[in-house]
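Asks: Here it is, the structure in full.
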Amino acid sequence: MIKPFKNRMQAGVLLARRLKAYTKSADVIVLALPRGGVPLGFMVAQALDVPLDVLLVRKLGLPEHPEYAIGALASNGACLLQSDVINALGVPKETIEAIAARERKEIERREALYRAGRAPLQLRDKVVILIDDGLATGSTMRVALQVVRKGQPAKVIIAVPVAAPEICQELTSLADEMICLSTPPSFYAVGQWYEDFRQTSDEEVTSLLEKAERERLLPKQDGSPPRHPSVQ
C-alpha cells in the first residue's frame, strides 16, 4: 500500500499549499491539537506567516483499547461522549468518569508545560485554522470545534491530511470550511497513511511552540523576515 504522507512535517507543508490564500493574513490563527497536530500546525503557521497556538483536547479511550474513542475532553471542561458506542459496549458510568478524571489531569499537565505561562490567543473575530494529523472517529475535533466556537471567531477551518470519509463529510457540515487532503475508503487508523508516524514527544511540542513564538516576535539580525517553507 502506498502511503501518501512521509511524516507530519511533510503533511503540514502539503496542507499549507491548500491554505495559501490565508498567507500573512492579520486575522488568521493556527490552532493545533497536541501532540500529533503540532508539527503540522507549525509548518502551516510558518508557511502562512501567522500565529500558532495549541488547543488541549484529549480522547477518552476504552481502558482495554485506548485508541478506540468513546468521547473527548477539552481544557475548558467541554466533554463529548459517543453515546451510541458507550451504550453498545455497555461501558459503566464509573468507568467513563475514571477515564475522564485521568485525562483531565493529563490536560492540566500539558497546559502548564506547553504554555509555560503564555496566555491563549484570543479567537474573537479571527479566522481559526484547526489542525490535527488525521481523523478516525472525529471525537477530539468535534470537542475542539465546540471550544473554538465559544471564542466567537469569524470563521473556523478544519484542515487535516487524512480522514475517514464519513467523518470528513460530517465535519464539513459543522465547520465553515473543511480541508481533507485524502479520504481513503479503507480507513482503519491515522497512522496507516504515514510512512513515519512515531509518537510526537512533549519536548518536540514545546520546542516547536517556542520556535514559532520566537520567530514571530524577534526579527533576524539582518532585519530580514523569517524564512518559511514554500507554499507554491
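Letters A, B, ... mark the chains of the C-alpha cells in the order given; residue numbers begin at 1 per chain; ligand numbers begin at 1, in order shown.
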Please return as a PDB file with C-alpha atoms, in the first residue's frame: the residues of segment 93-192 of chain A that backbone DSSP assigns to strand (DSSP E).

Replies:
```pdb
ATOM      1  CA  VAL A 127     -10.171  33.048  11.196  1.00  0.00           C
ATOM      2  CA  VAL A 128      -9.166  29.910  13.101  1.00  0.00           C
ATOM      3  CA  ILE A 129      -7.493  27.010  11.304  1.00  0.00           C
ATOM      4  CA  LEU A 130      -7.878  23.847  13.404  1.00  0.00           C
ATOM      5  CA  ILE A 131      -5.229  21.253  12.577  1.00  0.00           C
ATOM      6  CA  LYS A 155     -14.611  31.595  10.642  1.00  0.00           C
ATOM      7  CA  VAL A 156     -13.430  28.096  11.560  1.00  0.00           C
ATOM      8  CA  ILE A 157     -11.492  25.941   9.110  1.00  0.00           C
ATOM      9  CA  ILE A 158     -10.671  22.308   9.862  1.00  0.00           C
ATOM     10  CA  ALA A 159      -7.571  21.132   7.999  1.00  0.00           C
ATOM     11  CA  VAL A 160      -6.225  17.583   8.142  1.00  0.00           C
ATOM     12  CA  PRO A 161      -4.116  15.440   5.807  1.00  0.00           C
ATOM     13  CA  VAL A 162      -6.285  12.340   6.094  1.00  0.00           C
ATOM     14  CA  GLU A 177     -14.557  25.189   5.638  1.00  0.00           C
ATOM     15  CA  MET A 178     -13.193  21.642   5.625  1.00  0.00           C
ATOM     16  CA  ILE A 179      -9.921  20.537   4.065  1.00  0.00           C
ATOM     17  CA  CYS A 180      -9.146  16.797   3.895  1.00  0.00           C
ATOM     18  CA  LEU A 181      -6.239  16.027   1.566  1.00  0.00           C
ATOM     19  CA  SER A 182      -7.095  12.338   1.497  1.00  0.00           C
TER      20      SER A 182
END
```

Asks: Can you list, as number ranges by chain, every protein, DNA or RNA residue that comes within 6 Å of segment 6-13 of chain A when you count only C-alpha atoms, leaving out same-chain residues fewer than 3 positions away?

Replies: A: 16, 39-40, 43-44, 194-196

Asks: Nearest to Ala116 of chain A among A:Ala21, A:Val205, A:Ala144, A:Leu31, with distances taken over only C-alpha atoms: which residue is it?

Replies: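 Nearest to Ala116 of chain A: A:Val205.
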
Asks: Fewer than 5 positions away in the same chain doesn't count, so skip those; otherwise give me all residues within 12 Å of segment 23-30 of chain A, counting only C-alpha atoms, as JSON, numbers by chain.

Replies: {"A": [12, 15, 16, 17, 18, 37, 38, 39, 40, 41, 42, 43, 44, 45, 46, 47, 48, 49, 50, 51, 52, 53, 54, 55, 120, 121, 122, 123, 124, 125, 126, 127, 128, 129, 130, 131, 132, 148, 153, 154, 155, 156, 157, 158, 159, 209, 212, 216, 225, 228, 229, 230, 231, 232]}

Asks: Which of these residues is nearest to Glu97 of chain A, using only C-alpha atoms: A:Ala69, A:Leu60, A:Val190, A:Ala78?

Replies: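 The closest residue to Glu97 of chain A is A:Leu60.
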
Asks: Please, which residues of segment 54-203 of chain A, numbered as in this document, come out helix (DSSP H, G or I) from DSSP, as a ChimeraX atom specification?

Replies: /A:83-89,93-115,139-150,165-172,190-193,202-203

Asks: A:Ile86, A:Leu56, A:Asp133, A:Arg149: which is nearest Asp176 of chain A, counting only C-alpha atoms?

Replies: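 Going through A:Ile86, A:Leu56, A:Asp133, A:Arg149 one by one, the smallest distance to Asp176 of chain A is for A:Arg149.
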
Asks: Using only C-alpha atoms, which of A:Ala163, A:Val57, A:Val91, A:Leu174 sits nearest Ser186 of chain A?

Replies: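 Counting only C-alpha atoms, the residue closest to Ser186 of chain A is A:Ala163.
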
Asks: For Gln192 of chain A, please output as a PDB file with C-alpha atoms, in the first residue's frame all residues within 9 Å (counting only C-alpha atoms; exclusion window: fewer than 5 positions along the same chain).

Replies:
```
ATOM      1  CA  LYS A   3       1.279   5.839   1.959  1.00  0.00           C
ATOM      2  CA  PHE A 187      -9.701   3.638   6.778  1.00  0.00           C
ATOM      3  CA  PHE A 197       4.132   8.017  12.434  1.00  0.00           C
TER       4      PHE A 197
END
```

Asks: Determine, counting only C-alpha atoms, which protein, DNA and RNA residues have an atom within 12 Å of an atom of Gln146 of chain A; residues of the same chain fewer than 4 positions away are not included. Present the result as number ranges by chain.

Replies: A: 55, 57, 72-80, 130, 139-142, 150-153, 156, 171, 174-175

Asks: Quick one: residues within 12 Å of Pro63 of chain A, only C-alpha atoms, excluding same-chain residues fewer than 2 positions away - as a VMD selection string?

Replies: chain A and resid 59 to 61 65 to 70 91 to 92 95 to 100 102 to 103

Asks: For the selection just defined, write its residues with N, CA, C and O atoms to a file, as a PDB file, in the first residue's frame.

Replies:
```
ATOM      1  N   LYS A  59      -8.612  12.537  23.859  1.00  0.00           N
ATOM      2  CA  LYS A  59      -9.539  11.459  23.538  1.00  0.00           C
ATOM      3  C   LYS A  59      -9.822  10.637  24.791  1.00  0.00           C
ATOM      4  O   LYS A  59      -8.930  10.405  25.613  1.00  0.00           O
ATOM      5  N   LEU A  60     -11.061  10.220  24.963  1.00  0.00           N
ATOM      6  CA  LEU A  60     -11.425   9.289  26.022  1.00  0.00           C
ATOM      7  C   LEU A  60     -11.475   7.901  25.401  1.00  0.00           C
ATOM      8  O   LEU A  60     -12.393   7.580  24.649  1.00  0.00           O
ATOM      9  N   GLY A  61     -10.455   7.101  25.692  1.00  0.00           N
ATOM     10  CA  GLY A  61     -10.365   5.781  25.092  1.00  0.00           C
ATOM     11  C   GLY A  61     -10.742   4.675  26.053  1.00  0.00           C
ATOM     12  O   GLY A  61     -10.629   4.822  27.278  1.00  0.00           O
ATOM     13  N   HIS A  65      -8.718  -0.769  25.111  1.00  0.00           N
ATOM     14  CA  HIS A  65      -8.358  -0.321  23.764  1.00  0.00           C
ATOM     15  C   HIS A  65      -8.265   1.207  23.759  1.00  0.00           C
ATOM     16  O   HIS A  65      -9.180   1.890  23.292  1.00  0.00           O
ATOM     17  N   PRO A  66      -7.169   1.782  24.261  1.00  0.00           N
ATOM     18  CA  PRO A  66      -7.031   3.236  24.418  1.00  0.00           C
ATOM     19  C   PRO A  66      -7.222   4.037  23.132  1.00  0.00           C
ATOM     20  O   PRO A  66      -7.622   5.197  23.175  1.00  0.00           O
ATOM     21  N   GLU A  67      -6.936   3.402  21.981  1.00  0.00           N
ATOM     22  CA  GLU A  67      -7.065   4.125  20.720  1.00  0.00           C
ATOM     23  C   GLU A  67      -8.512   4.197  20.232  1.00  0.00           C
ATOM     24  O   GLU A  67      -8.821   4.947  19.307  1.00  0.00           O
ATOM     25  N   TYR A  68      -9.377   3.425  20.862  1.00  0.00           N
ATOM     26  CA  TYR A  68     -10.787   3.415  20.461  1.00  0.00           C
ATOM     27  C   TYR A  68     -11.536   4.474  21.270  1.00  0.00           C
ATOM     28  O   TYR A  68     -11.751   4.337  22.469  1.00  0.00           O
ATOM     29  N   ALA A  69     -11.944   5.534  20.612  1.00  0.00           N
ATOM     30  CA  ALA A  69     -12.538   6.678  21.309  1.00  0.00           C
ATOM     31  C   ALA A  69     -14.006   6.456  21.652  1.00  0.00           C
ATOM     32  O   ALA A  69     -14.796   6.007  20.823  1.00  0.00           O
ATOM     33  N   ILE A  70     -14.335   6.777  22.906  1.00  0.00           N
ATOM     34  CA  ILE A  70     -15.745   6.794  23.309  1.00  0.00           C
ATOM     35  C   ILE A  70     -16.174   8.231  23.637  1.00  0.00           C
ATOM     36  O   ILE A  70     -17.286   8.470  24.086  1.00  0.00           O
ATOM     37  N   VAL A  91     -20.464   0.349  28.485  1.00  0.00           N
ATOM     38  CA  VAL A  91     -19.413   0.928  29.333  1.00  0.00           C
ATOM     39  C   VAL A  91     -20.052   1.573  30.565  1.00  0.00           C
ATOM     40  O   VAL A  91     -20.893   2.472  30.424  1.00  0.00           O
ATOM     41  N   PRO A  92     -19.688   1.158  31.785  1.00  0.00           N
ATOM     42  CA  PRO A  92     -20.287   1.716  33.001  1.00  0.00           C
ATOM     43  C   PRO A  92     -19.962   3.198  33.183  1.00  0.00           C
ATOM     44  O   PRO A  92     -18.902   3.677  32.760  1.00  0.00           O
ATOM     45  N   THR A  95     -16.687   3.880  34.929  1.00  0.00           N
ATOM     46  CA  THR A  95     -15.510   3.737  34.071  1.00  0.00           C
ATOM     47  C   THR A  95     -15.255   5.008  33.280  1.00  0.00           C
ATOM     48  O   THR A  95     -14.121   5.482  33.169  1.00  0.00           O
ATOM     49  N   ILE A  96     -16.332   5.583  32.739  1.00  0.00           N
ATOM     50  CA  ILE A  96     -16.205   6.831  31.968  1.00  0.00           C
ATOM     51  C   ILE A  96     -15.693   7.958  32.847  1.00  0.00           C
ATOM     52  O   ILE A  96     -14.811   8.731  32.447  1.00  0.00           O
ATOM     53  N   GLU A  97     -16.217   8.054  34.063  1.00  0.00           N
ATOM     54  CA  GLU A  97     -15.782   9.098  34.989  1.00  0.00           C
ATOM     55  C   GLU A  97     -14.310   8.945  35.345  1.00  0.00           C
ATOM     56  O   GLU A  97     -13.571   9.936  35.460  1.00  0.00           O
ATOM     57  N   ALA A  98     -13.865   7.703  35.524  1.00  0.00           N
ATOM     58  CA  ALA A  98     -12.462   7.453  35.856  1.00  0.00           C
ATOM     59  C   ALA A  98     -11.547   7.828  34.686  1.00  0.00           C
ATOM     60  O   ALA A  98     -10.483   8.435  34.877  1.00  0.00           O
ATOM     61  N   ILE A  99     -11.961   7.483  33.478  1.00  0.00           N
ATOM     62  CA  ILE A  99     -11.183   7.831  32.282  1.00  0.00           C
ATOM     63  C   ILE A  99     -11.101   9.349  32.137  1.00  0.00           C
ATOM     64  O   ILE A  99     -10.028   9.914  31.878  1.00  0.00           O
ATOM     65  N   ALA A 100     -12.246  10.031  32.321  1.00  0.00           N
ATOM     66  CA  ALA A 100     -12.286  11.494  32.184  1.00  0.00           C
ATOM     67  C   ALA A 100     -11.402  12.169  33.225  1.00  0.00           C
ATOM     68  O   ALA A 100     -10.708  13.150  32.924  1.00  0.00           O
ATOM     69  N   ARG A 102      -8.716  10.945  34.665  1.00  0.00           N
ATOM     70  CA  ARG A 102      -7.321  10.733  34.293  1.00  0.00           C
ATOM     71  C   ARG A 102      -6.901  11.668  33.165  1.00  0.00           C
ATOM     72  O   ARG A 102      -5.827  12.287  33.203  1.00  0.00           O
ATOM     73  N   GLU A 103      -7.751  11.797  32.146  1.00  0.00           N
ATOM     74  CA  GLU A 103      -7.414  12.649  31.007  1.00  0.00           C
ATOM     75  C   GLU A 103      -7.437  14.129  31.385  1.00  0.00           C
ATOM     76  O   GLU A 103      -6.682  14.929  30.830  1.00  0.00           O
TER      77      GLU A 103
END
```

Asks: Would you compute the distance between atom CA of Glu210 of chain A and atom CA of Leu113 of chain A? Give it in Å to one decimal.

Replies: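 So the two atoms, atom CA of Glu210 of chain A and atom CA of Leu113 of chain A, lie 11.5 Å apart.
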
Asks: Between atom CA of Gly71 of chain A and atom CA of Arg118 of chain A, what distance in Å does the model show, to one decimal?

Replies: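 Rounded to one decimal, the two atoms are 28.0 Å apart.
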
Asks: Do a neighbour search on Pro185 of chain A at 9 Å with only C-alpha atoms, toss out local chain neighbours closer than 2 positions, and write the hits as a VMD selection string.

Replies: chain A and resid 164 to 165 183 187
